[in-house]
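Visitor: Just so it is clear, I am handing over data.cif, which has mmCIF, C-alpha atoms.
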```cif
data_target
#
loop_
_atom_site.label_atom_id
_atom_site.label_comp_id
_atom_site.auth_asym_id
_atom_site.auth_seq_id
_atom_site.Cartn_x
_atom_site.Cartn_y
_atom_site.Cartn_z
CA MET H 26 11.90 -13.22 -80.55
CA SER H 27 9.77 -13.93 -83.61
CA GLU H 28 10.99 -12.81 -87.01
CA ILE H 29 9.28 -9.70 -88.34
CA VAL H 30 7.05 -10.31 -91.33
CA GLU H 31 8.41 -8.42 -94.33
CA ALA H 32 6.41 -5.31 -95.15
CA GLU H 33 6.66 -5.86 -98.91
CA TRP H 34 5.37 -9.44 -98.61
CA PHE H 35 2.52 -8.34 -96.38
CA ALA H 36 1.59 -5.46 -98.66
CA GLY H 37 1.45 -7.84 -101.62
CA LYS H 38 -1.33 -9.79 -99.84
CA ILE H 39 -3.54 -6.72 -99.22
CA SER H 40 -5.77 -5.53 -102.06
CA ASP H 41 -8.17 -3.25 -100.13
CA THR H 42 -6.17 -0.50 -98.41
CA SER H 43 -9.04 1.00 -96.42
CA ILE H 44 -9.02 0.55 -92.63
CA HIS H 45 -11.76 -2.08 -92.86
CA GLY H 46 -10.12 -3.78 -95.82
CA ILE H 47 -6.70 -4.09 -94.14
CA ALA H 48 -8.30 -5.48 -90.98
CA LEU H 49 -10.48 -7.92 -92.93
CA GLU H 50 -7.70 -9.21 -95.19
CA THR H 51 -5.30 -9.53 -92.25
CA THR H 52 -7.82 -11.76 -90.49
CA ALA H 53 -8.02 -13.85 -93.68
CA LEU H 54 -4.23 -14.29 -93.63
CA ILE H 55 -4.39 -15.35 -89.98
CA ARG H 56 -7.25 -17.75 -90.64
CA SER H 57 -5.36 -19.36 -93.54
CA GLY H 58 -2.21 -19.85 -91.48
CA LEU H 59 -0.04 -17.53 -93.56
CA LEU H 60 0.22 -15.33 -90.46
CA PRO H 61 0.55 -17.86 -87.61
CA VAL H 62 0.12 -17.14 -83.92
CA GLY H 63 3.39 -15.57 -82.74
CA ALA H 64 4.16 -13.78 -86.00
CA ARG H 65 5.47 -10.24 -85.51
CA LEU H 66 3.95 -7.76 -87.93
CA PRO H 67 5.93 -5.09 -89.81
CA ALA H 68 6.42 -1.70 -88.20
CA VAL H 69 3.43 0.54 -88.80
CA ARG H 70 5.42 3.09 -90.80
CA ASP H 71 7.08 0.40 -92.95
CA LEU H 72 3.76 -1.24 -93.80
CA ALA H 73 2.09 2.12 -94.40
CA PHE H 74 4.85 3.05 -96.89
CA ALA H 75 4.59 -0.31 -98.66
CA LEU H 76 0.80 0.04 -99.00
CA GLY H 77 0.86 3.74 -99.86
CA VAL H 78 -1.37 4.74 -96.96
CA SER H 79 -0.94 6.84 -93.84
CA PRO H 80 0.38 5.28 -90.62
CA ALA H 81 -2.94 6.25 -88.99
CA THR H 82 -4.76 3.89 -91.39
CA ILE H 83 -2.63 0.95 -90.24
CA SER H 84 -2.94 1.95 -86.58
CA ASN H 85 -6.73 2.08 -86.81
CA ALA H 86 -6.87 -1.32 -88.54
CA TRP H 87 -4.65 -2.83 -85.81
CA ARG H 88 -6.82 -1.21 -83.11
CA GLU H 89 -9.83 -3.15 -84.36
CA LEU H 90 -7.90 -6.44 -84.34
CA ARG H 91 -6.58 -5.74 -80.85
CA ARG H 92 -10.17 -5.22 -79.76
CA GLN H 93 -10.96 -8.68 -81.11
CA GLN H 94 -7.94 -10.04 -79.19
CA VAL H 95 -6.27 -11.21 -82.38
CA LEU H 96 -3.29 -8.82 -82.18
CA SER H 97 -1.31 -7.57 -79.20
CA GLY H 98 1.19 -4.78 -78.64
CA ARG H 99 1.53 -1.34 -80.09
CA GLY H 100 3.96 1.39 -81.02
CA ARG H 101 7.70 0.82 -80.87
CA ASN H 102 7.32 -2.43 -78.98
CA GLY H 103 5.90 -4.16 -82.04
CA THR H 104 2.65 -5.94 -82.84
CA TRP H 105 2.12 -9.72 -82.73
CA VAL H 106 -0.52 -12.21 -83.77
CA ILE H 107 -1.79 -13.68 -80.50
CA GLY H 108 -4.94 -15.53 -81.58
CA ASP H 109 -6.67 -17.11 -84.51
CA ARG H 110 -10.17 -16.84 -83.04
CA LEU H 111 -11.71 -14.01 -84.97
CA VAL H 112 -14.82 -13.67 -82.84
CA ALA H 113 -14.72 -11.23 -79.93
CA GLN H 114 -15.36 -12.80 -76.55
CA PRO H 115 -15.77 -11.35 -73.05
CA LYS H 116 -12.33 -12.17 -71.69
CA ARG H 117 -13.16 -11.46 -68.02
CA LEU H 118 -16.32 -13.56 -67.98
CA ALA H 119 -14.86 -16.24 -70.27
CA SER H 120 -11.98 -16.84 -67.86
CA SER H 121 -14.36 -17.98 -65.11
CA GLY H 122 -14.19 -21.72 -64.55
CA ASP H 123 -16.62 -24.57 -63.96
CA TYR H 124 -15.30 -26.00 -60.73
CA GLY H 125 -17.46 -29.08 -60.27
CA ALA H 126 -19.24 -30.52 -57.26
CA ASP H 127 -16.17 -31.06 -55.06
CA VAL H 128 -15.32 -27.37 -54.82
CA ILE H 129 -16.94 -24.71 -52.64
CA ASP H 130 -17.74 -22.39 -55.51
CA LEU H 131 -17.88 -18.82 -54.21
CA SER H 132 -16.96 -17.27 -57.56
CA ARG H 133 -20.46 -16.39 -58.76
CA ALA H 134 -22.44 -13.70 -56.95
CA VAL H 135 -25.81 -15.07 -58.05
CA PRO H 136 -29.17 -15.60 -56.35
CA ASP H 137 -30.03 -18.86 -54.62
CA PRO H 138 -32.59 -20.63 -56.86
CA ALA H 139 -34.41 -21.83 -53.74
CA LEU H 140 -35.17 -18.22 -52.78
CA LEU H 141 -36.73 -17.13 -56.08
CA PRO H 142 -40.51 -16.90 -56.68
CA PRO H 143 -42.14 -19.95 -58.34
CA LEU H 144 -42.73 -19.34 -62.05
CA ALA H 145 -45.32 -21.96 -63.03
CA GLU H 146 -48.45 -19.88 -62.51
CA ALA H 147 -46.77 -16.71 -63.77
CA LEU H 148 -45.82 -18.39 -67.03
CA ALA H 149 -49.31 -19.82 -67.41
CA LYS H 150 -50.80 -16.34 -66.96
CA SER H 151 -48.31 -14.81 -69.39
CA VAL H 152 -50.24 -16.05 -72.45
CA GLU H 153 -52.86 -13.41 -71.63
CA THR H 154 -50.35 -10.60 -72.20
CA GLU H 155 -51.32 -8.02 -74.78
CA GLY H 156 -49.71 -8.56 -78.20
CA VAL H 157 -48.43 -12.13 -77.74
CA ASN H 158 -47.27 -13.68 -81.04
CA LEU H 159 -47.51 -10.45 -83.00
CA TYR H 160 -44.48 -9.24 -84.93
CA THR H 161 -45.00 -5.72 -83.62
CA ARG H 162 -41.70 -4.42 -82.29
CA SER H 163 -43.04 -2.89 -79.11
CA ARG H 164 -40.80 -1.30 -76.51
CA ILE H 165 -42.61 -2.67 -73.44
CA VAL H 166 -45.99 -4.25 -72.78
CA PRO H 167 -48.51 -2.00 -70.97
CA GLU H 168 -48.87 -4.43 -68.06
CA LEU H 169 -45.14 -4.33 -67.25
CA GLU H 170 -44.82 -0.58 -67.72
CA ALA H 171 -47.71 -0.01 -65.30
CA ALA H 172 -46.16 -2.39 -62.77
CA VAL H 173 -42.73 -0.75 -62.81
CA ARG H 174 -43.92 2.85 -62.90
CA ALA H 175 -45.52 2.40 -59.49
CA SER H 176 -42.12 2.03 -57.79
CA TRP H 177 -39.75 3.67 -60.28
CA PRO H 178 -37.38 6.10 -58.53
CA TYR H 179 -38.29 9.09 -60.72
CA GLU H 180 -40.85 10.20 -63.31
CA ALA H 181 -39.31 8.79 -66.46
CA ASP H 182 -39.99 9.90 -70.02
CA ALA H 183 -39.97 6.49 -71.75
CA PHE H 184 -39.49 2.80 -70.90
CA LEU H 185 -37.97 -0.17 -72.73
CA ALA H 186 -37.96 -3.86 -71.76
CA THR H 187 -34.66 -5.62 -72.51
CA ASN H 188 -33.25 -9.14 -72.31
CA GLY H 189 -31.56 -8.55 -68.98
CA GLY H 190 -29.50 -5.75 -67.46
CA TYR H 191 -26.28 -6.37 -69.35
CA ASN H 192 -28.19 -6.67 -72.60
CA ALA H 193 -29.59 -3.22 -71.87
CA VAL H 194 -26.10 -1.78 -71.27
CA TYR H 195 -24.64 -3.51 -74.34
CA THR H 196 -27.43 -2.38 -76.64
CA LEU H 197 -27.46 1.20 -75.37
CA LEU H 198 -23.70 1.68 -75.62
CA HIS H 199 -23.57 0.21 -79.12
CA ALA H 200 -26.44 2.46 -80.14
CA ILE H 201 -24.91 5.71 -78.89
CA LEU H 202 -21.11 5.28 -78.67
CA LEU H 203 -18.44 5.08 -81.33
CA PRO H 204 -15.20 3.14 -80.71
CA GLY H 205 -12.67 5.46 -79.11
CA ALA H 206 -15.23 7.36 -77.05
CA CYS H 207 -14.45 8.05 -73.39
CA VAL H 208 -16.50 6.41 -70.61
CA ALA H 209 -16.17 7.06 -66.88
CA ILE H 210 -17.06 4.15 -64.60
CA GLU H 211 -16.76 3.16 -60.97
CA HIS H 212 -13.56 1.50 -59.77
CA PRO H 213 -14.04 -1.38 -59.12
CA THR H 214 -17.11 -2.37 -61.11
CA ALA H 215 -18.91 -5.39 -62.56
CA MET H 216 -16.61 -7.40 -64.81
CA ARG H 217 -19.27 -7.75 -67.49
CA LEU H 218 -19.55 -3.97 -67.72
CA LEU H 219 -15.81 -3.84 -68.36
CA ASP H 220 -16.11 -6.63 -70.93
CA ILE H 221 -18.77 -4.63 -72.78
CA LEU H 222 -16.70 -1.44 -72.72
CA GLU H 223 -13.53 -3.20 -73.85
CA ASP H 224 -15.41 -4.93 -76.65
CA ARG H 225 -16.74 -1.57 -77.79
CA GLY H 226 -13.20 -0.21 -77.91
CA VAL H 227 -13.79 2.81 -75.70
CA GLU H 228 -11.39 4.61 -73.38
CA ILE H 229 -12.20 3.62 -69.77
CA VAL H 230 -11.67 6.26 -67.07
CA PRO H 231 -11.96 4.79 -63.55
CA VAL H 232 -13.76 6.73 -60.81
CA GLN H 233 -12.56 5.79 -57.33
CA CYS H 234 -15.11 4.55 -54.78
CA ASP H 235 -15.29 4.39 -51.01
CA SER H 236 -17.86 2.92 -48.62
CA GLU H 237 -20.56 5.38 -49.80
CA GLY H 238 -20.03 5.06 -53.54
CA PRO H 239 -18.08 7.01 -56.18
CA VAL H 240 -15.90 9.77 -54.72
CA PRO H 241 -17.02 13.21 -55.98
CA GLN H 242 -13.44 14.50 -56.38
CA SER H 243 -12.55 11.47 -58.51
CA LEU H 244 -15.63 11.99 -60.67
CA ALA H 245 -14.69 15.66 -61.10
CA ALA H 246 -11.24 14.62 -62.32
CA ALA H 247 -12.78 12.10 -64.71
CA LEU H 248 -15.13 14.71 -66.15
CA LYS H 249 -12.11 16.73 -67.29
CA ARG H 250 -11.68 13.99 -69.90
CA HIS H 251 -15.15 14.85 -71.26
CA PRO H 252 -16.60 11.32 -71.07
CA SER H 253 -19.66 10.59 -73.17
CA VAL H 254 -21.13 8.40 -70.41
CA PHE H 255 -20.73 7.96 -66.65
CA ILE H 256 -21.77 4.48 -65.47
CA ILE H 257 -22.81 4.08 -61.83
CA GLN H 258 -24.54 1.46 -59.71
CA PRO H 259 -26.85 3.87 -57.86
CA ARG H 260 -27.90 1.72 -54.94
CA LEU H 261 -26.15 -1.55 -53.97
CA HIS H 262 -22.78 -2.26 -55.59
CA SER H 263 -22.55 -5.73 -57.13
CA VAL H 264 -18.83 -6.15 -56.30
CA THR H 265 -18.13 -4.34 -53.03
CA ALA H 266 -21.68 -4.63 -51.57
CA ALA H 267 -21.44 -0.95 -50.60
CA THR H 268 -24.59 1.15 -50.61
CA VAL H 269 -24.60 4.60 -52.18
CA SER H 270 -25.89 7.04 -49.58
CA PRO H 271 -28.46 9.69 -50.59
CA GLU H 272 -25.96 12.35 -49.53
CA ARG H 273 -23.29 10.89 -51.79
CA LEU H 274 -25.68 10.67 -54.73
CA ALA H 275 -26.58 14.33 -54.22
CA ALA H 276 -22.90 15.28 -54.11
CA LEU H 277 -22.29 13.41 -57.37
CA GLY H 278 -25.20 15.33 -58.86
CA ASP H 279 -23.51 18.58 -57.84
CA VAL H 280 -20.36 17.53 -59.68
CA LEU H 281 -22.34 16.58 -62.79
CA GLU H 282 -24.04 19.98 -62.96
CA GLY H 283 -22.92 21.90 -66.02
CA HIS H 284 -21.75 18.80 -67.91
CA ASP H 285 -23.57 17.04 -70.73
CA THR H 286 -22.31 13.54 -69.88
CA LEU H 287 -25.01 10.86 -70.14
CA ILE H 288 -25.63 9.22 -66.76
CA LEU H 289 -26.13 5.45 -67.02
CA GLU H 290 -27.46 3.87 -63.80
CA ASP H 291 -27.24 0.09 -63.52
CA ASP H 292 -29.39 -1.17 -60.61
CA GLY H 293 -28.48 -4.80 -61.24
CA VAL H 294 -28.76 -6.17 -57.69
CA ALA H 295 -32.09 -4.34 -57.42
CA ASP H 296 -34.35 -5.19 -54.46
CA ILE H 297 -31.79 -7.50 -52.89
CA SER H 298 -30.85 -4.13 -51.41
CA ALA H 299 -32.75 -2.94 -48.35
CA ALA H 300 -32.03 0.67 -49.32
CA PRO H 301 -34.73 2.68 -51.10
CA ARG H 302 -34.50 2.97 -54.87
CA GLN H 303 -32.84 6.18 -55.97
CA SER H 304 -31.78 7.84 -59.19
CA LEU H 305 -30.18 10.98 -60.55
CA GLY H 306 -33.03 10.92 -63.05
CA SER H 307 -35.11 13.07 -60.71
CA ARG H 308 -32.45 15.78 -61.12
CA PHE H 309 -31.28 15.15 -64.69
CA PRO H 310 -34.21 13.44 -66.46
CA GLU H 311 -33.03 14.72 -69.84
CA ARG H 312 -29.74 12.76 -69.65
CA THR H 313 -30.24 9.87 -67.24
CA VAL H 314 -30.79 6.27 -68.28
CA HIS H 315 -31.86 3.98 -65.44
CA ILE H 316 -31.68 0.18 -65.78
CA PHE H 317 -33.45 -2.09 -63.31
CA SER H 318 -32.84 -5.84 -63.57
CA PHE H 319 -35.19 -8.57 -62.35
CA SER H 320 -32.66 -11.42 -62.63
CA LYS H 321 -31.65 -11.43 -58.95
CA THR H 322 -35.18 -11.14 -57.55
CA LEU H 323 -37.61 -12.80 -59.99
CA GLY H 324 -35.26 -15.21 -61.75
CA PRO H 325 -32.40 -15.15 -64.28
CA ASP H 326 -34.33 -17.19 -66.85
CA LEU H 327 -36.88 -14.43 -67.24
CA ARG H 328 -33.98 -12.59 -68.96
CA LEU H 329 -35.62 -9.31 -68.13
CA ALA H 330 -34.70 -5.75 -67.24
CA VAL H 331 -36.42 -2.43 -67.77
CA MET H 332 -34.66 0.69 -68.99
CA SER H 333 -35.95 4.24 -68.66
CA GLY H 334 -34.63 7.43 -70.16
CA PRO H 335 -35.28 10.32 -72.52
CA ALA H 336 -37.52 9.27 -75.41
CA SER H 337 -34.77 10.11 -77.91
CA VAL H 338 -32.30 7.72 -76.25
CA ILE H 339 -34.88 4.96 -75.78
CA ASN H 340 -35.95 5.24 -79.41
CA GLN H 341 -32.34 5.12 -80.58
CA THR H 342 -31.70 2.02 -78.49
CA GLN H 343 -34.85 0.33 -79.75
CA SER H 344 -33.86 1.17 -83.32
CA TYR H 345 -30.48 -0.55 -82.81
CA ARG H 346 -32.29 -3.65 -81.51
CA SER H 347 -33.95 -4.02 -84.90
CA PHE H 348 -30.66 -5.53 -86.11
CA SER H 349 -31.31 -8.51 -83.82
CA ALA H 350 -34.24 -9.61 -81.65
CA GLY H 351 -36.30 -6.46 -82.14
CA TRP H 352 -38.21 -6.86 -78.90
CA THR H 353 -38.18 -8.72 -75.60
CA SER H 354 -40.48 -11.71 -75.23
CA ARG H 355 -43.94 -10.49 -74.32
CA LEU H 356 -44.56 -13.81 -72.57
CA LEU H 357 -41.67 -13.14 -70.18
CA GLN H 358 -42.74 -9.54 -69.70
CA GLY H 359 -46.24 -10.75 -68.88
CA ALA H 360 -44.93 -13.30 -66.38
CA ALA H 361 -42.87 -10.62 -64.63
CA SER H 362 -45.72 -8.11 -64.51
CA TRP H 363 -48.02 -10.76 -63.01
CA LEU H 364 -45.41 -11.52 -60.32
CA LEU H 365 -44.89 -7.85 -59.53
CA ARG H 366 -48.59 -7.35 -58.85
CA ARG H 367 -48.72 -10.10 -56.20
CA GLU H 368 -48.07 -9.50 -52.50
CA GLU H 369 -46.59 -13.00 -52.25
CA THR H 370 -43.76 -11.92 -54.54
CA ALA H 371 -42.86 -8.98 -52.31
CA ASP H 372 -42.84 -11.35 -49.32
CA THR H 373 -40.57 -13.80 -51.17
CA ILE H 374 -38.12 -11.04 -52.07
CA ALA H 375 -38.11 -9.72 -48.50
CA ASN H 376 -37.38 -13.21 -47.15
CA ALA H 377 -34.55 -13.67 -49.65
CA ARG H 378 -33.09 -10.28 -48.78
CA ALA H 379 -33.01 -11.20 -45.08
CA LEU H 380 -31.37 -14.57 -45.74
CA TYR H 381 -28.72 -13.03 -48.01
CA ARG H 382 -27.99 -10.52 -45.24
CA ASP H 383 -27.66 -13.34 -42.70
CA ARG H 384 -25.28 -15.30 -44.96
CA SER H 385 -23.09 -12.27 -45.59
CA ARG H 386 -23.09 -11.45 -41.88
CA ALA H 387 -22.17 -15.01 -40.90
CA LEU H 388 -19.03 -15.01 -43.03
CA ARG H 389 -18.13 -11.43 -42.10
CA GLN H 390 -18.42 -12.30 -38.38
CA ALA H 391 -16.37 -15.47 -38.83
CA LEU H 392 -13.62 -13.39 -40.43
CA ALA H 393 -13.83 -10.74 -37.71
CA GLU H 394 -13.41 -13.43 -35.05
CA ARG H 395 -10.14 -14.31 -36.79
CA GLY H 396 -8.94 -10.71 -36.88
CA LEU H 397 -9.97 -9.71 -40.42
CA HIS H 398 -12.56 -6.93 -40.43
CA ILE H 399 -14.30 -6.20 -43.74
CA ASP H 400 -15.59 -2.66 -44.27
CA GLY H 401 -19.25 -2.06 -45.00
CA GLU H 402 -22.59 -3.52 -44.02
CA ASP H 403 -24.15 -6.93 -44.54
CA ASN H 404 -25.68 -6.39 -47.95
CA GLY H 405 -25.84 -8.08 -51.29
CA LEU H 406 -24.43 -11.34 -52.53
CA CYS H 407 -20.70 -11.05 -51.84
CA LEU H 408 -17.82 -9.71 -49.75
CA TRP H 409 -14.93 -7.62 -51.12
CA VAL H 410 -11.92 -8.94 -49.21
CA PRO H 411 -8.50 -7.22 -49.21
CA VAL H 412 -5.43 -9.40 -49.75
CA GLU H 413 -1.70 -8.75 -50.06
CA SER H 414 -1.46 -10.73 -53.32
CA GLU H 415 -4.38 -11.81 -55.48
CA GLN H 416 -2.34 -14.58 -57.07
CA PHE H 417 -1.26 -15.98 -53.70
CA ALA H 418 -4.82 -15.76 -52.40
CA MET H 419 -6.28 -17.55 -55.42
CA VAL H 420 -3.74 -20.38 -55.23
CA THR H 421 -4.14 -20.74 -51.46
CA LEU H 422 -7.92 -20.96 -51.67
CA ALA H 423 -7.85 -23.30 -54.68
CA ALA H 424 -5.57 -25.65 -52.78
CA ARG H 425 -8.28 -25.86 -50.13
CA GLY H 426 -11.08 -26.48 -52.59
CA ILE H 427 -12.53 -22.96 -52.59
CA ALA H 428 -13.09 -20.89 -55.74
CA VAL H 429 -13.43 -17.09 -55.70
CA GLU H 430 -12.85 -14.32 -58.24
CA PRO H 431 -9.67 -12.21 -58.29
CA GLY H 432 -10.15 -8.49 -57.94
CA GLU H 433 -8.36 -7.79 -61.23
CA LYS H 434 -11.46 -8.92 -63.13
CA PHE H 435 -13.39 -5.97 -61.73
CA SER H 436 -10.88 -3.26 -62.46
CA VAL H 437 -8.55 -1.73 -65.04
CA THR H 438 -5.95 -0.96 -62.35
CA PRO H 439 -4.57 -3.15 -59.52
CA VAL H 440 -6.87 -3.53 -56.51
CA ASN H 441 -5.46 -6.41 -54.37
CA HIS H 442 -8.83 -7.86 -53.41
CA ILE H 443 -10.83 -11.00 -53.97
CA ARG H 444 -14.59 -11.17 -54.38
CA VAL H 445 -16.19 -13.90 -52.27
CA ALA H 446 -19.79 -14.76 -53.17
CA THR H 447 -22.09 -15.39 -50.21
CA GLY H 448 -25.56 -15.64 -51.77
CA CYS H 449 -25.56 -19.44 -51.93
CA LEU H 450 -23.30 -20.04 -48.92
CA THR H 451 -25.54 -21.72 -46.34
CA ASP H 452 -22.96 -23.36 -44.06
CA ARG H 453 -19.20 -24.08 -43.68
CA TYR H 454 -18.55 -20.47 -42.69
CA ASP H 455 -15.67 -21.44 -40.39
CA THR H 456 -14.03 -23.54 -43.12
CA VAL H 457 -14.22 -20.68 -45.60
CA ALA H 458 -13.07 -18.09 -43.06
CA ASP H 459 -10.05 -20.20 -42.05
CA ALA H 460 -9.01 -20.48 -45.70
CA ILE H 461 -9.48 -16.75 -46.36
CA ILE H 462 -7.32 -15.89 -43.35
CA LEU H 463 -4.53 -18.05 -44.78
CA ALA H 464 -4.97 -16.39 -48.17
CA HIS H 465 -5.12 -12.86 -46.76
CA LYS H 466 -1.40 -12.47 -46.09
CA MET H 467 1.60 -14.02 -47.80
#
```
Transcribe the structure of this file into structure tokens.

Guide:
Amino acid sequence: MSEIVEAEWFAGKISDTSIHGIALETTALIRSGLLPVGARLPAVRDLAFALGVSPATISNAWRELRRQQVLSGRGRNGTWVIGDRLVAQPKRLASSGDYGADVIDLSRAVPDPALLPPLAEALAKSVETEGVNLYTRSRIVPELEAAVRASWPYEADAFLATNGGYNAVYTLLHAILLPGACVAIEHPTAMRLLDILEDRGVEIVPVQCDSEGPVPQSLAAALKRHPSVFIIQPRLHSVTAATVSPERLAALGDVLEGHDTLILEDDGVADISAAPRQSLGSRFPERTVHIFSFSKTLGPDLRLAVMSGPASVINQTQSYRSFSAGWTSRLLQGAASWLLRREETADTIANARALYRDRSRALRQALAERGLHIDGEDNGLCLWVPVESEQFAMVTLAARGIAVEPGEKFSVTPVNHIRVATGCLTDRYDTVADAIILAHKM
């Protein structure tokens, strides 16, 4: 066990005894090497006494450094320095590997580039977009707003173009939430959503899901914690590939009646789903934010999503963006709006949707032939496969040259699943199925 750093010594190195000052000067000590990785910090009460501050001040300073993954531990178990990287990073996404050409990489549930619309003509047309090369911080170009309104799932108050779906979630949550707020979210969910929430330092309350989406009774229990936001994928789930039924969405709406929780809908898989678009915004327009991403259907390099919501929330989010980019490229918005107006684009998306369904079905059937039946329909870009041990499954598949993602990345509680991406899997279904069967049971 590491020796505990003396409280008096530590206190002598701290000149600013505010929460921010203690956190900042502690990071300086870590950066200089005076507090090396592995050092155990003084007890909170001892350091608080030495500095002449309340224990809550020290606890809040340590909370910020835990969020940055510099410190670990809490309470009576002690606190340690675990890292000298003082820049927050998305730990779930950052732990994904680059497996090289010799591995069947089924870890990334991404679109097949061969099935995306061609961009050359769209990009050429984009220079005609209104407002190109002006420094005006516009929310969305008129061409794109007109294109999305035609198929939007409810009559929205205001629209905002963002640099992708996760950028929309990140910006919104930083604009409206303080660290320590409570957020309810589906269990399991997208790992990048969890990365964003953990980086923001909020309390995460999981809402259990079944084959039709979030379970109303679980949402009701979560609402007793008075969450500021409830995050839901309202159509096709990006991890389990389950589709939220209209009946389930209505039941969730019944549970949300009488609460003031903001509803954040993340339609990230978008029109890869064959199900109609749907939103609780038609029922709660005053507190629903709906995000629709074009990365899976038009192309990830367009870096484009559209957010709708109450004008007050959209304006607050846009105001927060002024700290950084300020607006989303009008060239990329113009390219997307041009694509959305063309019948050929709809045909391309429909063809891709059918092929993704066929690829998912091929692997699901291969597993069923071997005695492993996966719940759900053939949708989306992945399968959510139950296993007895995630660690055993990961090692077994890796030994056979197959990479997948462990279920723990998509949850804050144990799930005993692996996510197997199928969007780019065009053959070798029997090889993959044989390996999954070996990995399924210890």

Visitor: Return as a PyMOL selection string the set of residues that the PyMOL selection byres ((chain H and resi 274) around 12) yields on the displayed structure.

Guide: chain H and resi 237-241+244+257-260+268-273+275-281+290+302-308

Visitor: Check which residues satisfy the PyMOL selection byres ((chain H and resi 399) around 8) in the file shown, then give them as a VMD selection string.

Guide: chain H and resid 389 392 to 393 397 to 398 400 to 401 408 to 410

Visitor: As an exercise, work out the distance from CA of Asn158 in chain H to CA of Thr342 in chain H in Å and give it to one decimal place.

Guide: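 Taking CA of Asn158 in chain H as the start and CA of Thr342 in chain H as the end point, the length is 22.3 Å.
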
Visitor: Would you work out the distance separating CA of Leu118 in chain H from CA of His251 in chain H, expressed in Å to one decimal?

Guide: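 That distance, rounded to one decimal, is 28.6 Å.
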
Visitor: So, counting only C-alpha atoms, which residue among H:Ser121, H:Ser354, H:Ser79, H:Ser236 is closest to Gly156 in chain H?

Guide: H:Ser354

Visitor: Work out how far apart CA of Trp177 in chain H and CA of Pro335 in chain H are and give it in Å to one decimal.

Guide: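 Atom-to-atom, CA of Trp177 in chain H and CA of Pro335 in chain H are spaced 14.6 Å apart.
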
Visitor: Choose the residue, out of H:Ala215, H:Leu287, H:Ala206, H:Leu169, that has the smallest atom-to-atom separation from Phe319 in chain H; count all atoms listed in the file.

Guide: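 Between H:Ala215, H:Leu287, H:Ala206, H:Leu169, the residue approaching Phe319 in chain H most closely is H:Leu169.
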
Visitor: List the neighbours of Glu28 in chain H out to 9 Å using all atoms listed in the file; skip same-chain residues closer than 5 positions along the sequence, and give me the result as a PyMOL selection string.

Guide: chain H and resi 64-66
